[in-house]
Amino acid sequence: MPLFAVIAVDAVLNSCAENDVFDYIIPDELKGAVEIGMRVIVPFSGRMLEGYVIDIKDSTDVAQDKLKAIKSIPNPSHIFDYKQISLAKWMSKEYLCSITECLKCIMPSEMVMKESKYVMVVGGKSADLSDLKYDDKKMLDIIKSHGGCIKVNDILKLLGRNAQKTITRLVKSKVLAIKSNMAQEVSAKKIKGIDLNLDYDSAASQADSFEKKSSKLLQGKALRLIMSLEKPFPERKLVEEYKVSRSTINTLVKKGILKSVEIEVSRDPYGNRKFSPYAKPTLTDEQRNVLNTILTGYYGYGKRNFLIHGVTGSGKTEVYMRLAEHMIEKGKQTIVLVPEIALTPQTIERFKGRFERVAVLHSRLSAGERYDEWMRIKRGEVDVVVGARSAVFAPVSNLGAIIIDEEHETSYKSDKTPKYHARDIAQKRCEIEDAILVLGSATPCIETYYNANNKKYIKCNMFHRIYERSLPDIRVADMRQEIDSGNMTIFSRMLYSELKNVLRKKQQAILFLNRRGYSTFVSCRKCGSVMKCPRCDVSLTYHADRNVLNCHYCGYTANIPKVCPICGSKYIKYFGIGTQKVENEVMRFFPEARVLRMDMDTTSRKGAHGSIYRAFKNHEADILIGTQMVSKGLDFPGVTLVGIIAADLSINIPDFRSGERTFQLITQVSGRAGRGSEPGKVIIQTYNPKHYSILASLHQDYNEFFEKEISMRKTFEYPPFSDIVNIVASSKNENEAIKVMNDITAKLKQKIEGNGFDANVLGPTQAPISKINTYYRWQTIIKGRVDDALKKCVKSIIDETYPKSGSVKINLDINPVSLA
């Protein structure tokens with residue numbers, strides 16, 4: 001009886017369509033071996049591709065003569081379990097993308113198999129090829145020098161791209177053959193090890209014999225040592241630490257007493273670090289009540305979704321750790337998400353200082369480290385997983401809880417297809433696996449707080465800081481008055497004075513500006529033209545340390561022009577400020593200060609976040625200057641002052657979330673002050689001191705802000721009172737992008753109006769950033785009640801309209817965090 005596998009194929013297909021699932025025949029020799037969740041190699045459009053088995057059945061609607069058979073199983077183990085496959089199917093429908101794209105979110109990218117083509121000499125290395133032309137012989141000599149087989153790309157690098165014609169000709173004449181191989185980029189790391197090749201008694205007898213002869217005394221000592229160590233034992237460690245010579249080892253191997261073996265070793269990103277025990281304090285009444293509410297709500301009433309609304313410094317992390325401890329006692333695992341890699345070193349310190357079996361997942365690990373951490377989790381060697389957004393997919397087998405710290409952060413939303421939100425994934429995963437979801441924030445996302453008020457989450461409040469510490473004293477510096485009084489510096493007199501006090505008292509300060517670089521833009525004072533990126537519709541930012549202009553979207557760099565490229569004027573001037581300029585100004589006004597900067601420029605290399613974090617924590621610097629990386633979660637007891645250089649940056653962004661973002665940033669960065677024994681102060685510099693988000697942040701009054709913000713959202717029918725779908729067409733040819741967007745929009749309007757959907761179609765129009773990396777961008781927005789039926793409608797229209805040439809890219813974002 002034939003069996004068929006339903007396989008999600010890793011093919012380059014229209015990313016907006018669920019058309020990556022195909023039926024394949026399971027050949028007789030693989031029956032019983034192919035199982036759901038496995039990876040397989042299948043033929044697809046004349047090549048071999050990786051696929052993932054998501055179902056097995058005994059019938060198919062496709063004619064069997066049109067079906068192909070599975071080629072092979074590259075690894076007999078399962079990559080996915082049924083829970084992960086269920087999650088991927090839900091994601092595909094929720095975010096209108098292919099199942100393969102969703103499955104590839106769940107597995108580390110390093111495990112994806114890629115096809116490599118090899119060219120080999122027919123007849124092997126010894127083939128007689130004396131009758132060929134010079135160019136042919138030259139190629140064949142190279143191939144034979146590599147053992148008769150070499151990667152096609154490697155020989156093209158050696159001989160140039162034109163060598164492809166030679167390969168094609170020699171393949172046709174059957175002198176060469178092409179073979180294909182599928183392999184993943186990263187695999188387990190293995191080192192050379194030494195093991196006994198005899199049983200213990202026989203080895204001991206040999207050692208006795210060697211020790212009686214002075215000429216073989218070293219062999220006897222080496223054998224005795226190896227017998228006493230765990231086996232197999234790394235050869236390098238034997239040589240370097242135990243001073244056993246390689247010649248002695250090789251002699252014992254040749255005699256058959258020892259044998260060389262491969263040892264699989266883990267690439268532990270924190271293997272060389274010692275973590276101090278993290279103290280387990282007595283819980284405050286609020287911490288105890290919150291923990292009891294979560295556990296009682298789950299075990300007593302079957303509730304699984306909780307929001308901890310706790311002011312900065314109220315001890316939310318300790319609640320997270322006690323919940324993880326409870327799950328370990330129950331034999332379950334916990335995933336802890338943090339929004340920024342900058343927070344990971346601090347979180348790792350705490351969790352590794354409290355628990356033994358902790359894994360880390362984030363993008364700054366090496367490919368090998370990520371692979372090994374993922375495999376450790378999958379093998380069940382871990383109790384707690386700490387990481388950024390993608391750690392929500394960690395392959396724990398017995399999930400007890402997912403904790404999302406600083407849940408309001410936009411970094412939890414993916415900017416690549418599928419454009420998922422970690423909060424939604426976590427909620428669905430906890431539903432599938434019957435686990436607890438805990439969201440934590442001092443400034444919850446408006447939608448989250450609204451849902452908590454409507455009982456979709458159980459709200460747990462923590463209104464007081466631990467150890468009865470007070471919230472910081474927050475004051476506003478009106479920069480309009482500073483200019484009127486003749487102060488043209490970036491520091492208000494109030495902030496300047498407080499910085500002086502901090503340095504005099506040997507305390508620490510944080511200066512926050514959510515813009516990196518030295519100057520925001522460079523402009524000509526004569527004609528007013530701004531130096532823009534030729535690939536993107538954005539101004540270039542001046543970076544003083546490299547003395548270049550840089551695009552923060554595509555990475556384009558350019559030298560600073562000596563004259564204006566438009567009018568030829570020499571009057572080129574830098575405008576605006578970034579973190580580099582703040583750093584320069586601090587060193588100019590406070591030369592005695594030790595300064596650190598934390599932004600994308602200073603943290604690009606591996607380990608930089610941790611180095612800056614530890615240096616500031618150890619009081620090796622007085623002032624930390626940073627972007628939003630310093631605004632959340634970091635706990636520095638020595639910080640008594642926070643200065644917000646320009647609170648207006650986020651207010652003036654043309655986005656319906658700008659007020660919310662401003663309140664969150666100000667409140668979060670303010671919360672870094674006064675977390676130790678000394679009280680904290682915060683200075684907010686602004687040109688708009690009466691804005692409601694700034695007024696509410698003065699008292700850290702979230703409810704005051706929420707009431708004003710939710711009223712505005714309701715008036716204009718923004719989330720949570722509606723859903724938003726942002727459809728963007730991008731192309732190097734703007735006319736093509738416009739045409740596709742016009743076609744899609746016209747069909748959407750006709751379908752939505754004709755079928756009575758409760759939604760409006762807005763557009764098409766240029767995207768706020770109309771060009772990124774040479775691609776012109778046009779967008780249409782759907783705003784209203786976006787249910788499964790409407791999503792299906794949107795998907796079908798895009799499938800019909802999407803150009804098969806692929807010259808126009810379509811991107812869909814369900815409930816985006818920004819419309820830019």
# chains A, B, ... in the order shown; residues from 1 in each chain; ligands from 1
call {"tool": "residues_around", "arguments": {"residues": "Arg594 of chain A", "least_positions_apart": "5", "cutoff": "9 Å", "atoms": "only C-alpha atoms", "output": "compact mmCIF listing (two decimals) with all heavy atoms, in the first residue's frame"}}
result
# COMPACT_ATOMS: atom_id res chain seq x y z
N MET A 587 33.08 65.45 26.83
CA MET A 587 34.53 65.50 27.06
C MET A 587 35.05 66.94 27.00
O MET A 587 36.05 67.27 27.63
CB MET A 587 35.24 64.61 26.04
CG MET A 587 34.98 63.12 26.28
SD MET A 587 35.99 61.99 25.29
CE MET A 587 35.27 62.23 23.66
N GLU A 620 33.96 51.79 36.21
CA GLU A 620 35.15 52.16 35.46
C GLU A 620 34.88 53.38 34.58
O GLU A 620 35.76 53.82 33.84
CB GLU A 620 35.62 50.98 34.61
CG GLU A 620 36.08 49.79 35.44
CD GLU A 620 36.29 48.54 34.61
OE1 GLU A 620 36.42 48.68 33.37
OE2 GLU A 620 36.30 47.42 35.18
N ALA A 621 33.66 53.88 34.62
CA ALA A 621 33.28 55.10 33.89
C ALA A 621 32.28 55.87 34.73
O ALA A 621 31.57 55.29 35.56
CB ALA A 621 32.71 54.76 32.53
N ASP A 622 32.24 57.18 34.50
CA ASP A 622 31.33 58.04 35.26
C ASP A 622 30.04 58.32 34.51
O ASP A 622 28.98 58.48 35.11
CB ASP A 622 32.03 59.38 35.57
CG ASP A 622 33.37 59.19 36.25
OD1 ASP A 622 33.40 58.53 37.30
OD2 ASP A 622 34.39 59.67 35.70
N ILE A 623 30.14 58.41 33.18
CA ILE A 623 28.98 58.77 32.37
C ILE A 623 28.83 57.76 31.23
O ILE A 623 29.80 57.48 30.52
CB ILE A 623 29.14 60.20 31.79
CG1 ILE A 623 29.24 61.23 32.93
CG2 ILE A 623 27.96 60.54 30.87
CD1 ILE A 623 29.54 62.64 32.45
N LEU A 624 27.63 57.23 31.10
CA LEU A 624 27.30 56.33 30.00
C LEU A 624 26.35 57.06 29.06
O LEU A 624 25.28 57.51 29.47
CB LEU A 624 26.63 55.06 30.51
CG LEU A 624 26.12 54.06 29.46
CD1 LEU A 624 27.27 53.50 28.63
CD2 LEU A 624 25.33 52.92 30.12
call {"tool": "residues_around", "arguments": {"residues": "Asp61 of chain A", "least_positions_apart": "3", "cutoff": "12 Å", "atoms": "only C-alpha atoms", "output": "list in words"}}
result
Phe4, Val6, Phe22, Asp23, Tyr24, Lys57, Asp58, Gln64, Asp65, Lys66 and Leu67 of chain A
call {"tool": "select_by_dssp", "arguments": {"residues": "segment 721-814 of chain A", "states": "strand (DSSP E)", "output": "PyMOL selection string"}}
result
chain A and resi 723-731+759-772+775-784+809-814
call {"tool": "select_by_dssp", "arguments": {"residues": "segment 660-721 of chain A", "states": "alpha helix (DSSP H)", "output": "PyMOL selection string"}}
result
chain A and resi 660-670+692-698+702-716
call {"tool": "residues_around", "arguments": {"residues": "Tyr776 of chain A", "least_positions_apart": "4", "cutoff": "8 Å", "atoms": "only C-alpha atoms", "output": "PyMOL selection string"}}
result
chain A and resi 730-734+737+770-772
call {"tool": "residues_around", "arguments": {"residues": "Ser109 of chain A", "least_positions_apart": "2", "cutoff": "9 Å", "atoms": "only C-alpha atoms", "output": "ChimeraX atom specification"}}
result
/A:104-107,111-112,185,367,371
call {"tool": "write_last_selection", "arguments": {"atoms": "N, CA, C and O atoms", "output": "tab-separated table (two decimals), in the first residue's frame"}}
result
chain	number	residue	atom	x	y	z
A	104	LYS	N	11.32	27.59	9.33
A	104	LYS	CA	12.71	28.07	9.36
A	104	LYS	C	12.94	29.10	10.46
A	104	LYS	O	14.08	29.37	10.83
A	105	CYS	N	11.85	29.69	10.99
A	105	CYS	CA	11.98	30.54	12.17
A	105	CYS	C	12.28	29.69	13.40
A	105	CYS	O	12.98	30.10	14.32
A	106	ILE	N	11.69	28.50	13.42
A	106	ILE	CA	11.76	27.63	14.59
A	106	ILE	C	13.13	26.97	14.71
A	106	ILE	O	13.64	26.76	15.81
A	107	MET	N	13.77	26.65	13.58
A	107	MET	CA	15.08	26.03	13.61
A	107	MET	C	16.15	27.10	13.38
A	107	MET	O	15.88	28.13	12.76
A	111	MET	N	21.16	25.48	10.46
A	111	MET	CA	20.79	24.09	10.16
A	111	MET	C	20.17	23.93	8.78
A	111	MET	O	19.99	22.80	8.32
A	112	VAL	N	19.84	25.03	8.13
A	112	VAL	CA	19.24	24.93	6.80
A	112	VAL	C	20.27	24.33	5.83
A	112	VAL	O	21.41	24.78	5.77
A	185	GLU	N	25.23	24.41	6.93
A	185	GLU	CA	26.42	25.23	7.06
A	185	GLU	C	27.23	24.88	8.31
A	185	GLU	O	28.45	24.95	8.32
A	367	ALA	N	27.87	31.36	14.70
A	367	ALA	CA	26.98	30.34	14.12
A	367	ALA	C	27.11	29.02	14.88
A	367	ALA	O	26.11	28.36	15.19
A	371	TYR	N	24.18	27.09	17.14
A	371	TYR	CA	23.82	25.71	16.83
A	371	TYR	C	23.95	24.83	18.06
A	371	TYR	O	23.05	24.04	18.38
call {"tool": "atom_distance", "arguments": {"atom1": "atom CA of Arg429 of chain A", "atom2": "atom CA of Val385 of chain A"}}
result
15.2 Å
call {"tool": "residues_around", "arguments": {"residues": "Ala729 of chain A", "least_positions_apart": "2", "cutoff": "6 Å", "atoms": "only C-alpha atoms", "output": "VMD selection string"}}
result
chain A and resid 737 777 to 778 809 to 810
call {"tool": "closest_residue", "arguments": {"among": "A:Gly331, A:Pro418, A:Pro444, A:Pro768", "to": "Ser397 of chain A", "atoms": "only C-alpha atoms"}}
result
A:Gly331
call {"tool": "closest_residue", "arguments": {"among": "A:Thr801, A:Thr443, A:Thr448, A:Asn501", "to": "Arg661 of chain A", "atoms": "only C-alpha atoms"}}
result
A:Thr443
call {"tool": "residues_around", "arguments": {"residues": "Asn652 of chain A", "least_positions_apart": "5", "cutoff": "12 Å", "atoms": "only C-alpha atoms", "output": "number ranges by chain"}}
result
A: 646-647, 657-662, 686-688, 691
call {"tool": "write_last_selection", "arguments": {"atoms": "N, CA, C and O atoms", "output": "tab-separated table (two decimals), in the first residue's frame"}}
result
chain	number	residue	atom	x	y	z
A	646	ALA	N	17.23	65.04	24.24
A	646	ALA	CA	16.22	65.59	23.31
A	646	ALA	C	14.99	64.69	23.33
A	646	ALA	O	14.92	63.74	22.56
A	647	ALA	N	14.04	65.02	24.20
A	647	ALA	CA	12.84	64.18	24.34
A	647	ALA	C	11.91	64.31	23.14
A	647	ALA	O	11.00	63.49	22.98
A	657	ARG	N	1.82	55.93	16.91
A	657	ARG	CA	2.40	55.45	18.16
A	657	ARG	C	3.44	56.39	18.76
A	657	ARG	O	4.09	56.05	19.75
A	658	SER	N	3.64	57.57	18.18
A	658	SER	CA	4.74	58.43	18.62
A	658	SER	C	4.58	58.87	20.07
A	658	SER	O	5.56	58.94	20.82
A	659	GLY	N	3.35	59.19	20.50
A	659	GLY	CA	3.14	59.59	21.89
A	659	GLY	C	3.45	58.46	22.85
A	659	GLY	O	4.10	58.64	23.89
A	660	GLU	N	2.99	57.26	22.50
A	660	GLU	CA	3.25	56.08	23.33
A	660	GLU	C	4.75	55.81	23.41
A	660	GLU	O	5.29	55.55	24.50
A	661	ARG	N	5.43	55.88	22.27
A	661	ARG	CA	6.87	55.61	22.25
A	661	ARG	C	7.62	56.62	23.12
A	661	ARG	O	8.56	56.26	23.84
A	662	THR	N	7.21	57.88	23.06
A	662	THR	CA	7.87	58.93	23.85
A	662	THR	C	7.70	58.67	25.34
A	662	THR	O	8.67	58.71	26.11
A	686	THR	N	13.47	69.44	26.53
A	686	THR	CA	12.43	69.40	25.49
A	686	THR	C	12.07	70.80	25.02
A	686	THR	O	12.26	71.78	25.75
A	687	TYR	N	11.57	70.87	23.80
A	687	TYR	CA	11.01	72.11	23.27
A	687	TYR	C	9.49	72.08	23.33
A	687	TYR	O	8.83	72.99	22.88
A	688	ASN	N	8.94	70.99	23.89
A	688	ASN	CA	7.48	70.80	23.92
A	688	ASN	C	7.07	70.30	25.30
A	688	ASN	O	6.56	69.18	25.45
A	691	HIS	N	3.44	68.63	26.17
A	691	HIS	CA	2.90	67.44	25.51
A	691	HIS	C	2.46	66.43	26.56
A	691	HIS	O	3.13	66.22	27.57
call {"tool": "residues_around", "arguments": {"residues": "Leu223 of chain A", "least_positions_apart": "6", "cutoff": "12 Å", "atoms": "only C-alpha atoms", "output": "ChimeraX atom specification"}}
result
/A:194-198,200,202-211,216-217,229,238,244-245,248-253,257-259
call {"tool": "closest_residue", "arguments": {"among": "A:Ile458, A:Ala11, A:Ala63, A:Ile653", "to": "Val42 of chain A", "atoms": "only C-alpha atoms"}}
result
A:Ala11
call {"tool": "closest_residue", "arguments": {"among": "A:Ile666, A:Ala394, A:Leu295, A:Ala401", "to": "Leu695 of chain A", "atoms": "only C-alpha atoms"}}
result
A:Ile666
call {"tool": "atom_distance", "arguments": {"atom1": "atom CA of Arg273 of chain A", "atom2": "atom CA of Tyr412 of chain A"}}
result
28.2 Å
call {"tool": "closest_residue", "arguments": {"among": "A:Gly626, A:Pro345, A:Pro43, A:Gly806", "to": "Val669 of chain A", "atoms": "only C-alpha atoms"}}
result
A:Gly626
call {"tool": "atom_distance", "arguments": {"atom1": "atom CA of Phe44 of chain A", "atom2": "atom CA of Glu800 of chain A"}}
result
22.8 Å
call {"tool": "closest_residue", "arguments": {"among": "A:Leu291, A:Val384, A:Cys551, A:Met479", "to": "Lys332 of chain A", "atoms": "only C-alpha atoms"}}
result
A:Val384
